[in-house]
Amino acid sequence: MEPFTTLTSKYMPLPYNDVDTDQIIPASYLKVTNKDGLAEGLFSRWRYQSDGSPDPEFALNKSDHAGARILLAGDNFGCGSSREHAPWALMGYGFRAVISTSFADIFRNNALKNGLLPVAVDAQTYRQLLSLVEEEPETAVTINLAAQTLTLPDGRAVSFPIDAFSKTCMLQGVDQLGYLLKQSDKVLAYEKAAGK
Amino acid sequence: MSQAKTLFDKIWESHVVVNEPGSPSVLYIDLHLVHEVTSPQAFSGLRQKGLRVRRPDRTVATMDHGIPTRNLVNSDQLSVNGGQWVIQDAMAAKQLKQLETNCRDFDVPLYGMDSPNRGIVHVIGPELGLTQPGKTIVCGDSHTSTHGAFGALAFGIGTSEVEHVLATQTLLQYRPKTYRVNFAGALPPGVTAKDMILALIAKIGVGGGTGHVFEYTGTAVSQLSMEGRMTLCNMSIEGGGRAGMVAPDDTTFEYIAGREFVPKGAAWEQAIAQWRALPSDEGAAYDKEVTIGVDELEPMITYGTNPGMGMGISTAVPDPAAEADLSKRASLQKALDYMNLPPGKPLLGHPVDVVFVGSCTNSRISDLRQAAALIDGRKVAASTRMLVVPGSEEVRRQAEAEGLHHIFMAAGAEWRSAGCSMCIAMNGDQLQPGQYAVSTSNRNFEGRQGAGGRTFLASPLTAVASAVHGQVTDPRVMMSQ
Ligand code: SF4
């Protein structure tokens, strides 16, 4: 996993609540046996029209937002299915962080394991970010993971929560599996004691 | 006196292997269920790192999401390679094949295409007796919460975590909070477990249970059959919950007694004694609580594009203009635009193109019995297509032994073999753009049942009533006829 330290980028607005993982990546794209090609399916139901051409009204298709590495989305982002294809698709497309007022549990877990940073902010900050980007699509923000801050264009820094363990893994770009593998003696002892 | 504990506390605490400050707990996993869609990348990860599956004896795989529900049993199509199966989608076929290879290479038991025990992972786990009280159970699938009906702690995980469990039989987890949902009273006729869970989600919203594990309690829950409890726990994730649980009791023990993987003889007696200690202690504290009275509950139906957008079947679709919260108003408007529904009108009488009875929510034998009893002697409306897809091959055989398939087919419904089918529309069973379905599945997200398709979630009874009339229908009207 690629380490995440700081990121300064413009951000793409997707101002809907409860964006589910079926929208992030529809099931028809889940037949892969690797992680390739998922970026094409990202938000495909919203991104393409019924004839397969890009919908010019959808944020992902607007040149204004091209190159944004941060997604700004409404409350409870990533609800529904546990498919890890959702963070894979977002990252495959180029996103490294999602800002929202809240995240669904499994999506949050999956994102953190892949180096996609979930940044939870209060409702007022969310609304401010939304109106800023609606006025000026080039608006950029800076995320500093070590400091756990999101810095707005006016210089205001808001802090966001992340557990210490995931933070260390993301800063260093290390997989959590390494930690678990190191516990194997304790697992063995547990199995013995519990008769498992 | 020791502190009063919840069912969740007891299971959690007995499965924590390591608890280091500053790190999530290392939680031991008793049972890991695997299916074809969320596992290939996890097995690839093992291969790349030179790792093995640590406990193949605690791992069980099946095929459900991508498999066709038409085969030579119920189709006159011939398969290309002379086998039983007709898989037209090359990618789906490759994914199924990959699971076979992975299970063979890593010694994981597989209930594959030709297994008589194959079925939706959350249907076969309980059926085989793999699902037992007090266990920790995971699967790369959010509806793993289903298994909580037995008083297990069961939750969905992502593919990275699937790899973690395969390699270590453990998971890194922060302790979730607890949320007690008390269903008080007794269900009126025509109202089912599906309606209870839809009512809960409509009340607390799709994010209402985030960070929490639900425990369902109350008279209406203890009176439910195991299959009803599974329906209830199944949709915990739709309320944002990590898991859902019901305390094990005699109903639980009766259901699992004698099943293949359940302890026998003296070990069974010992297991029962342990399981009897699992229910929450008197006075145990929960982080959150809600009570829902069911005496007046109506059949529920969803009108929108998430499972929280549900209502009593006799009421009217809400008006976005009446919603004060601007972002909620926008979400509701977006949903009604997609569903092409006017606000302020009831759904009753709305035309229905397709009725789907199936999915890990409502595809068990009691669901099919209920559906068959209501449709017996009636016909599916000419304008409507109805699919009945049993949750497992075991359910299919049982239903056929009881003659339920004849009842469905005589009514004009399609009778299929087991799989996820139109719940997720990965296998070719899907809605056409613009079609409306009444579905007994669990998700009404945009395009979930096929691009452009529109889903009303409801109980099997409501589904059958709507199939017969070709429009959204209150099953209670038909039941009194
Ligand atoms: S039936 Fe539907 S919800 Fe259940 S496991 Fe299959 S796809 Fe998932």
# chains A, B, ... in the order shown; residues from 1 in each chain; ligands from 1
>>> residues_around(residues="A:Thr149", least_positions_apart="5", cutoff="6 Å", atoms="only C-alpha atoms", output="list in words")
Ile143, Asn144, Ala157, Val158 and Ser159 of chain A
>>> residues_near_ligand(ligand="ligand 1", cutoff="9 Å", atoms="only C-alpha atoms and all ligand atoms", output="PyMOL selection string")
(chain A and resi 81) or (chain B and resi 64-66+120-123+141-144+234-235+358-363+391+419-426+441-443)
>>> write_last_selection(atoms="C-alpha atoms", output="tab-separated table (two decimals), in the first residue's frame")
chain	number	residue	atom	x	y	z
A	81	SER	CA	-22.51	-4.19	0.32
B	64	ASP	CA	-24.03	-18.37	-5.03
B	65	HIS	CA	-23.74	-14.89	-6.51
B	66	GLY	CA	-22.81	-15.60	-10.10
B	120	ILE	CA	-26.76	-18.89	-0.78
B	121	VAL	CA	-24.01	-18.78	1.80
B	122	HIS	CA	-26.32	-17.40	4.50
B	123	VAL	CA	-28.88	-20.09	3.85
B	141	ASP	CA	-20.53	-10.38	2.51
B	142	SER	CA	-22.49	-7.80	4.44
B	143	HIS	CA	-25.47	-10.08	5.06
B	144	THR	CA	-23.37	-12.32	7.27
B	234	ASN	CA	-30.24	-10.43	7.75
B	235	MET	CA	-31.15	-6.79	7.21
B	358	GLY	CA	-35.87	-15.18	-3.11
B	359	SER	CA	-32.53	-13.94	-1.62
B	360	CYS	CA	-30.87	-14.61	1.71
B	361	THR	CA	-33.62	-12.52	3.33
B	362	ASN	CA	-36.66	-14.55	2.27
B	363	SER	CA	-35.87	-17.75	0.38
B	391	GLY	CA	-32.14	-20.12	-1.17
B	419	GLY	CA	-28.75	-18.83	-5.97
B	420	CYS	CA	-28.69	-15.09	-5.32
B	421	SER	CA	-30.34	-14.50	-8.67
B	422	MET	CA	-32.26	-11.25	-9.07
B	423	CYS	CA	-31.25	-9.98	-5.65
B	424	ILE	CA	-27.96	-8.82	-7.18
B	425	ALA	CA	-28.56	-9.45	-10.89
B	426	MET	CA	-25.10	-10.85	-11.56
B	441	SER	CA	-34.67	-9.21	-1.19
B	442	ASN	CA	-32.92	-6.62	0.93
B	443	ARG	CA	-31.68	-3.80	-1.32
>>> select_by_dssp(residues="stretch 280-356 of chain B", states="strand (DSSP E or B)", output="list of chain:residue names")
B:Lys288, B:Glu289, B:Val290, B:Thr291, B:Ile292, B:Gly293, B:Met300, B:Ile301, B:Thr302, B:Gly310, B:Met311, B:Gly312, B:Ala316, B:Pro346, B:Pro351, B:Val354, B:Val355, B:Phe356
>>> write_last_selection(atoms="all heavy atoms", output="short mmCIF file (atom, residue, chain, number, x, y, z; two decimals), in the first residue's frame")
data_model
loop_
_atom_site.label_atom_id
_atom_site.label_comp_id
_atom_site.auth_asym_id
_atom_site.auth_seq_id
_atom_site.Cartn_x
_atom_site.Cartn_y
_atom_site.Cartn_z
N LYS B 288 -27.35 2.03 23.21
CA LYS B 288 -28.53 2.67 22.63
C LYS B 288 -29.69 1.70 22.74
O LYS B 288 -29.48 0.48 22.73
CB LYS B 288 -28.30 2.91 21.14
CG LYS B 288 -28.11 4.36 20.73
CD LYS B 288 -27.85 4.43 19.24
CE LYS B 288 -28.07 5.81 18.69
NZ LYS B 288 -27.73 5.88 17.27
N GLU B 289 -30.90 2.23 22.79
CA GLU B 289 -32.08 1.36 22.81
C GLU B 289 -33.23 2.00 22.05
O GLU B 289 -33.35 3.21 22.01
CB GLU B 289 -32.55 1.11 24.26
CG GLU B 289 -31.52 0.42 25.12
CD GLU B 289 -32.10 -0.23 26.37
OE1 GLU B 289 -33.24 -0.71 26.30
OE2 GLU B 289 -31.39 -0.25 27.39
N VAL B 290 -34.05 1.17 21.45
CA VAL B 290 -35.27 1.66 20.82
C VAL B 290 -36.34 0.59 20.99
O VAL B 290 -36.03 -0.60 21.05
CB VAL B 290 -35.04 1.99 19.33
CG1 VAL B 290 -34.74 0.73 18.51
CG2 VAL B 290 -36.23 2.71 18.71
N THR B 291 -37.58 1.03 21.11
CA THR B 291 -38.69 0.07 21.19
C THR B 291 -39.65 0.32 20.04
O THR B 291 -39.97 1.46 19.72
CB THR B 291 -39.43 0.21 22.53
OG1 THR B 291 -38.55 -0.22 23.58
CG2 THR B 291 -40.68 -0.68 22.57
N ILE B 292 -40.05 -0.76 19.42
CA ILE B 292 -41.04 -0.67 18.34
C ILE B 292 -42.21 -1.58 18.72
O ILE B 292 -42.01 -2.78 18.92
CB ILE B 292 -40.42 -1.08 16.99
CG1 ILE B 292 -39.35 -0.06 16.60
CG2 ILE B 292 -41.50 -1.21 15.91
CD1 ILE B 292 -38.67 -0.32 15.28
N GLY B 293 -43.38 -1.01 18.82
CA GLY B 293 -44.57 -1.81 19.10
C GLY B 293 -45.06 -2.43 17.80
O GLY B 293 -45.14 -1.74 16.78
N MET B 300 -45.03 -3.72 5.41
CA MET B 300 -44.21 -2.56 5.02
C MET B 300 -43.79 -2.68 3.55
O MET B 300 -43.68 -3.79 3.01
CB MET B 300 -42.95 -2.50 5.88
CG MET B 300 -43.19 -2.29 7.36
SD MET B 300 -43.70 -0.61 7.79
CE MET B 300 -42.25 0.35 7.35
N ILE B 301 -43.54 -1.56 2.94
CA ILE B 301 -43.02 -1.58 1.56
C ILE B 301 -42.11 -0.37 1.38
O ILE B 301 -42.34 0.67 2.01
CB ILE B 301 -44.18 -1.58 0.53
CG1 ILE B 301 -43.65 -1.86 -0.89
CG2 ILE B 301 -44.99 -0.28 0.59
CD1 ILE B 301 -44.71 -2.37 -1.85
N THR B 302 -41.06 -0.50 0.58
CA THR B 302 -40.20 0.66 0.34
C THR B 302 -40.63 1.35 -0.95
O THR B 302 -41.15 0.71 -1.86
CB THR B 302 -38.72 0.27 0.22
OG1 THR B 302 -38.53 -0.56 -0.93
CG2 THR B 302 -38.24 -0.47 1.47
N GLY B 310 -38.98 3.41 3.61
CA GLY B 310 -40.07 2.44 3.67
C GLY B 310 -41.25 3.01 4.45
O GLY B 310 -41.10 3.97 5.21
N MET B 311 -42.41 2.40 4.25
CA MET B 311 -43.64 2.89 4.89
C MET B 311 -44.65 1.76 5.04
O MET B 311 -44.54 0.73 4.38
CB MET B 311 -44.24 4.01 4.04
CG MET B 311 -44.62 3.53 2.65
SD MET B 311 -45.24 4.88 1.64
CE MET B 311 -45.97 3.94 0.30
N GLY B 312 -45.65 1.98 5.86
CA GLY B 312 -46.77 1.06 5.94
C GLY B 312 -47.48 1.05 4.59
O GLY B 312 -47.60 2.10 3.94
N ALA B 316 -48.96 6.95 2.34
CA ALA B 316 -48.59 7.60 1.08
C ALA B 316 -47.09 7.89 1.02
O ALA B 316 -46.45 8.10 2.04
CB ALA B 316 -49.37 8.90 0.94
N PRO B 346 -50.37 6.86 -2.35
CA PRO B 346 -49.98 5.52 -1.88
C PRO B 346 -49.40 4.69 -3.02
O PRO B 346 -49.62 5.01 -4.20
CB PRO B 346 -51.29 4.91 -1.41
CG PRO B 346 -52.36 5.91 -1.63
CD PRO B 346 -51.81 7.05 -2.41
N PRO B 351 -48.67 -0.41 -10.75
CA PRO B 351 -48.37 -1.59 -11.57
C PRO B 351 -47.01 -2.20 -11.24
O PRO B 351 -46.06 -1.49 -10.93
CB PRO B 351 -48.37 -1.06 -13.00
CG PRO B 351 -49.10 0.23 -12.95
CD PRO B 351 -48.92 0.78 -11.57
N VAL B 354 -42.49 -7.20 -12.33
CA VAL B 354 -41.80 -8.42 -11.92
C VAL B 354 -41.97 -8.62 -10.42
O VAL B 354 -41.94 -7.65 -9.66
CB VAL B 354 -40.28 -8.34 -12.25
CG1 VAL B 354 -39.54 -9.58 -11.76
CG2 VAL B 354 -40.06 -8.17 -13.76
N VAL B 355 -42.15 -9.85 -10.02
CA VAL B 355 -42.13 -10.18 -8.59
C VAL B 355 -41.04 -11.21 -8.36
O VAL B 355 -40.97 -12.22 -9.07
CB VAL B 355 -43.51 -10.70 -8.12
CG1 VAL B 355 -43.40 -11.37 -6.75
CG2 VAL B 355 -44.50 -9.55 -8.08
N PHE B 356 -40.17 -10.90 -7.42
CA PHE B 356 -39.06 -11.81 -7.11
C PHE B 356 -39.20 -12.31 -5.68
O PHE B 356 -39.18 -11.53 -4.73
CB PHE B 356 -37.73 -11.08 -7.29
CG PHE B 356 -36.51 -11.87 -6.83
CD1 PHE B 356 -36.18 -13.07 -7.44
CD2 PHE B 356 -35.71 -11.41 -5.79
CE1 PHE B 356 -35.06 -13.80 -7.02
CE2 PHE B 356 -34.59 -12.14 -5.37
CZ PHE B 356 -34.26 -13.34 -5.99
#
>>> interface_residues(of="chain B", to="chain A", cutoff="8 Å", atoms="only C-alpha atoms", output="ChimeraX atom specification")
/B:17-18,22-24,26,28,37-38,40-41,66,91-92,95,98,140-142,156-160,164,167-168,170-172,206-207,210-211,237-238,240,242,306,327-328,330-331,424-426,445-448,451
>>> write_last_selection(atoms="N, CA and C atoms", output="compact mmCIF listing (two decimals), in the first residue's frame")
# COMPACT_ATOMS: atom_id res chain seq x y z
N VAL B 17 -8.16 -12.37 21.47
CA VAL B 17 -6.89 -13.06 21.64
C VAL B 17 -5.84 -12.11 22.20
N VAL B 18 -5.80 -10.92 21.65
CA VAL B 18 -4.81 -9.92 22.07
C VAL B 18 -5.52 -8.58 22.20
N GLY B 22 -3.86 1.00 22.17
CA GLY B 22 -3.49 1.70 20.94
C GLY B 22 -3.70 0.88 19.68
N SER B 23 -4.08 -0.39 19.85
CA SER B 23 -4.36 -1.21 18.67
C SER B 23 -5.75 -1.79 18.79
N PRO B 24 -6.35 -2.12 17.66
CA PRO B 24 -7.62 -2.83 17.73
C PRO B 24 -7.41 -4.21 18.33
N VAL B 26 -7.39 -8.22 18.60
CA VAL B 26 -7.26 -9.35 17.70
C VAL B 26 -8.36 -10.33 18.09
N TYR B 28 -10.65 -13.72 17.52
CA TYR B 28 -10.59 -15.05 16.93
C TYR B 28 -11.88 -15.35 16.18
N VAL B 37 -17.29 -14.22 -5.20
CA VAL B 37 -17.12 -12.84 -5.67
C VAL B 37 -16.09 -12.05 -4.85
N THR B 38 -16.06 -12.28 -3.55
CA THR B 38 -15.21 -11.44 -2.71
C THR B 38 -13.94 -12.15 -2.24
N PRO B 40 -11.45 -14.03 -4.61
CA PRO B 40 -10.31 -14.34 -5.48
C PRO B 40 -9.05 -13.52 -5.15
N GLN B 41 -9.24 -12.23 -4.89
CA GLN B 41 -8.07 -11.38 -4.62
C GLN B 41 -7.41 -11.74 -3.29
N GLY B 66 -22.88 -15.64 -8.63
CA GLY B 66 -22.81 -15.60 -10.10
C GLY B 66 -23.42 -16.80 -10.79
N MET B 91 -16.97 -14.23 -17.83
CA MET B 91 -16.29 -13.74 -16.62
C MET B 91 -16.82 -14.43 -15.38
N ALA B 92 -18.15 -14.62 -15.33
CA ALA B 92 -18.74 -15.31 -14.18
C ALA B 92 -18.21 -16.74 -14.12
N GLN B 95 -14.76 -16.78 -12.75
CA GLN B 95 -14.73 -16.52 -11.31
C GLN B 95 -15.13 -17.78 -10.52
N GLN B 98 -12.33 -20.16 -10.65
CA GLN B 98 -11.23 -19.71 -9.78
C GLN B 98 -11.47 -20.16 -8.34
N GLY B 140 -17.04 -12.54 3.53
CA GLY B 140 -16.89 -11.34 2.71
C GLY B 140 -18.22 -10.98 2.09
N ASP B 141 -19.16 -10.64 2.95
CA ASP B 141 -20.53 -10.38 2.51
C ASP B 141 -21.29 -9.71 3.64
N SER B 142 -21.90 -8.60 3.36
CA SER B 142 -22.49 -7.80 4.44
C SER B 142 -23.68 -8.48 5.12
N GLY B 156 -20.08 -8.97 8.25
CA GLY B 156 -19.46 -8.94 6.93
C GLY B 156 -18.11 -8.24 6.97
N ILE B 157 -17.22 -8.69 6.10
CA ILE B 157 -15.88 -8.11 6.02
C ILE B 157 -15.51 -7.88 4.56
N GLY B 158 -14.47 -7.08 4.35
CA GLY B 158 -13.97 -6.85 3.00
C GLY B 158 -12.97 -7.92 2.60
N THR B 159 -12.49 -7.81 1.37
CA THR B 159 -11.60 -8.85 0.85
C THR B 159 -10.23 -8.86 1.54
N SER B 160 -9.72 -7.69 1.93
CA SER B 160 -8.45 -7.68 2.68
C SER B 160 -8.61 -8.47 3.97
N HIS B 164 -6.94 -11.76 5.69
CA HIS B 164 -6.44 -11.83 7.07
C HIS B 164 -6.96 -13.08 7.79
N ALA B 167 -5.44 -16.29 6.45
CA ALA B 167 -4.04 -16.48 6.84
C ALA B 167 -3.86 -16.68 8.34
N THR B 168 -4.74 -16.08 9.16
CA THR B 168 -4.46 -16.05 10.61
C THR B 168 -5.61 -16.54 11.48
N THR B 170 -7.81 -14.78 12.45
CA THR B 170 -8.16 -13.66 13.33
C THR B 170 -8.41 -12.41 12.49
N LEU B 171 -8.95 -11.41 13.16
CA LEU B 171 -9.26 -10.14 12.54
C LEU B 171 -8.93 -9.02 13.51
N LEU B 172 -8.54 -7.87 12.98
CA LEU B 172 -8.36 -6.70 13.83
C LEU B 172 -9.68 -5.95 13.90
N VAL B 206 -30.85 4.39 7.34
CA VAL B 206 -29.86 3.42 6.89
C VAL B 206 -28.50 3.59 7.59
N GLY B 207 -28.32 4.72 8.25
CA GLY B 207 -27.07 4.89 9.00
C GLY B 207 -27.29 4.81 10.50
N THR B 210 -24.91 2.58 12.63
CA THR B 210 -23.47 2.61 12.35
C THR B 210 -22.66 2.50 13.63
N GLY B 211 -21.67 1.62 13.62
CA GLY B 211 -20.80 1.45 14.78
C GLY B 211 -21.40 0.56 15.87
N ILE B 237 -27.63 -4.92 8.48
CA ILE B 237 -26.70 -4.06 7.74
C ILE B 237 -27.44 -2.93 7.03
N GLU B 238 -28.68 -3.17 6.65
CA GLU B 238 -29.46 -2.12 5.99
C GLU B 238 -29.78 -0.99 6.96
N GLY B 240 -27.48 -0.06 8.98
CA GLY B 240 -26.13 0.44 9.28
C GLY B 240 -25.41 -0.38 10.34
N ARG B 242 -23.43 -3.29 12.42
CA ARG B 242 -22.32 -4.18 12.10
C ARG B 242 -22.82 -5.63 12.09
N ASN B 306 -33.23 3.50 -1.03
CA ASN B 306 -32.49 2.80 0.02
C ASN B 306 -33.51 2.18 0.97
N SER B 327 -30.53 18.39 2.85
CA SER B 327 -29.86 17.28 2.17
C SER B 327 -30.76 16.06 2.13
N LYS B 328 -31.59 15.88 3.17
CA LYS B 328 -32.56 14.78 3.14
C LYS B 328 -33.60 15.02 2.05
N ALA B 330 -33.15 16.64 -0.72
CA ALA B 330 -32.53 16.36 -2.02
C ALA B 330 -32.45 14.86 -2.28
N SER B 331 -32.10 14.08 -1.22
CA SER B 331 -32.00 12.63 -1.39
C SER B 331 -33.36 12.02 -1.75
N ILE B 424 -29.15 -9.60 -6.81
CA ILE B 424 -27.96 -8.82 -7.18
C ILE B 424 -27.77 -8.77 -8.69
N ALA B 425 -28.55 -9.55 -9.43
CA ALA B 425 -28.56 -9.45 -10.89
C ALA B 425 -27.18 -9.63 -11.51
N MET B 426 -26.42 -10.59 -10.98
CA MET B 426 -25.10 -10.85 -11.56
C MET B 426 -25.14 -12.04 -12.51
N PHE B 445 -31.41 -0.34 -3.93
CA PHE B 445 -30.53 0.67 -4.49
C PHE B 445 -30.76 0.80 -5.99
N GLU B 446 -30.47 1.97 -6.51
CA GLU B 446 -30.61 2.20 -7.96
C GLU B 446 -29.91 1.09 -8.74
N GLY B 447 -30.65 0.45 -9.61
CA GLY B 447 -30.05 -0.54 -10.50
C GLY B 447 -29.61 -1.83 -9.85
N ARG B 448 -29.91 -2.03 -8.58
CA ARG B 448 -29.46 -3.23 -7.88
C ARG B 448 -29.95 -4.50 -8.59
N ALA B 451 -29.83 -2.69 -14.35
CA ALA B 451 -29.70 -1.25 -14.65
C ALA B 451 -31.06 -0.65 -14.98
>>> select_by_dssp(residues="stretch 114-289 of chain B", states="alpha helix (DSSP H)", output="PyMOL selection string")
chain B and resi 121-127+159-168+193-204+219-222+226-234+250-256+266-275
>>> closest_residue(among="A:Gly155, A:Gly115, A:Pro3, A:Pro161", to="A:Ala97", atoms="only C-alpha atoms")
A:Gly115
>>> closest_residue(among="A:Thr101, A:Gln148, A:Thr5, A:Thr139", to="A:Gln124", atoms="only C-alpha atoms")
A:Thr101
>>> residues_around(residues="B:His469", least_positions_apart="5", cutoff="10 Å", atoms="only C-alpha atoms", output="ChimeraX atom specification")
/B:349,351-352,378-384,464,478
>>> write_last_selection(atoms="all heavy atoms", output="compact mmCIF listing (two decimals), in the first residue's frame")
# COMPACT_ATOMS: atom_id res chain seq x y z
N GLY B 349 -51.85 -0.28 -5.69
CA GLY B 349 -52.40 -0.12 -7.04
C GLY B 349 -51.35 0.21 -8.09
O GLY B 349 -51.64 0.24 -9.28
N PRO B 351 -48.67 -0.41 -10.75
CA PRO B 351 -48.37 -1.59 -11.57
C PRO B 351 -47.01 -2.20 -11.24
O PRO B 351 -46.06 -1.49 -10.93
CB PRO B 351 -48.37 -1.06 -13.00
CG PRO B 351 -49.10 0.23 -12.95
CD PRO B 351 -48.92 0.78 -11.57
N VAL B 352 -46.96 -3.52 -11.31
CA VAL B 352 -45.74 -4.26 -11.00
C VAL B 352 -45.40 -5.18 -12.17
O VAL B 352 -46.23 -5.98 -12.59
CB VAL B 352 -45.95 -5.11 -9.72
CG1 VAL B 352 -44.76 -6.02 -9.46
CG2 VAL B 352 -46.20 -4.21 -8.51
N ARG B 378 -54.55 -19.55 -7.35
CA ARG B 378 -54.64 -18.23 -8.01
C ARG B 378 -53.64 -18.18 -9.16
O ARG B 378 -52.83 -19.08 -9.32
CB ARG B 378 -54.36 -17.12 -6.99
CG ARG B 378 -55.39 -17.06 -5.87
CD ARG B 378 -55.03 -15.93 -4.91
NE ARG B 378 -56.17 -15.54 -4.09
CZ ARG B 378 -56.24 -15.70 -2.78
NH1 ARG B 378 -55.24 -16.25 -2.11
NH2 ARG B 378 -57.29 -15.30 -2.10
N LYS B 379 -53.66 -17.09 -9.89
CA LYS B 379 -52.77 -16.94 -11.04
C LYS B 379 -51.99 -15.63 -10.94
O LYS B 379 -52.53 -14.62 -10.49
CB LYS B 379 -53.59 -16.87 -12.33
CG LYS B 379 -54.19 -18.21 -12.73
CD LYS B 379 -53.30 -18.87 -13.79
CE LYS B 379 -53.91 -20.17 -14.27
NZ LYS B 379 -53.09 -21.33 -13.96
N VAL B 380 -50.75 -15.68 -11.38
CA VAL B 380 -49.98 -14.45 -11.52
C VAL B 380 -50.63 -13.64 -12.64
O VAL B 380 -50.99 -14.20 -13.68
CB VAL B 380 -48.50 -14.77 -11.89
CG1 VAL B 380 -47.71 -13.49 -12.15
CG2 VAL B 380 -47.85 -15.59 -10.79
N ALA B 381 -50.78 -12.33 -12.43
CA ALA B 381 -51.42 -11.48 -13.43
C ALA B 381 -50.67 -11.56 -14.76
O ALA B 381 -49.45 -11.73 -14.79
CB ALA B 381 -51.44 -10.03 -12.94
N ALA B 382 -51.42 -11.44 -15.85
CA ALA B 382 -50.83 -11.59 -17.18
C ALA B 382 -49.72 -10.57 -17.43
O ALA B 382 -48.76 -10.84 -18.16
CB ALA B 382 -51.92 -11.45 -18.23
N SER B 383 -49.83 -9.41 -16.82
CA SER B 383 -48.86 -8.34 -17.06
C SER B 383 -47.61 -8.51 -16.22
O SER B 383 -46.69 -7.70 -16.30
CB SER B 383 -49.52 -7.00 -16.70
OG SER B 383 -50.00 -7.08 -15.36
N THR B 384 -47.56 -9.52 -15.38
CA THR B 384 -46.48 -9.63 -14.39
C THR B 384 -45.74 -10.94 -14.56
O THR B 384 -46.33 -11.97 -14.88
CB THR B 384 -47.08 -9.53 -12.98
OG1 THR B 384 -47.83 -8.32 -12.88
CG2 THR B 384 -46.01 -9.53 -11.90
N VAL B 464 -46.44 -11.92 -3.21
CA VAL B 464 -47.42 -12.80 -3.87
C VAL B 464 -48.71 -12.03 -4.18
O VAL B 464 -49.24 -12.11 -5.30
CB VAL B 464 -47.73 -14.03 -2.99
CG1 VAL B 464 -48.97 -14.76 -3.50
CG2 VAL B 464 -46.54 -14.98 -2.98
N MET B 478 -56.21 -10.17 0.56
CA MET B 478 -56.34 -11.49 -0.05
C MET B 478 -56.49 -12.60 0.97
O MET B 478 -57.15 -13.60 0.73
CB MET B 478 -55.10 -11.79 -0.89
CG MET B 478 -55.29 -11.46 -2.34
SD MET B 478 -53.73 -11.61 -3.20
CE MET B 478 -53.50 -13.36 -3.22
>>> atom_distance(atom1="atom CA of B:Thr146", atom2="atom CA of B:Glu13")
21.0 Å
>>> atom_distance(atom1="atom CA of A:Val141", atom2="atom CA of A:Gly37")
28.5 Å
>>> closest_residue(among="B:Leu198, B:Val317, B:Ala465, B:Asp429", to="B:Met479", atoms="only C-alpha atoms")
B:Ala465
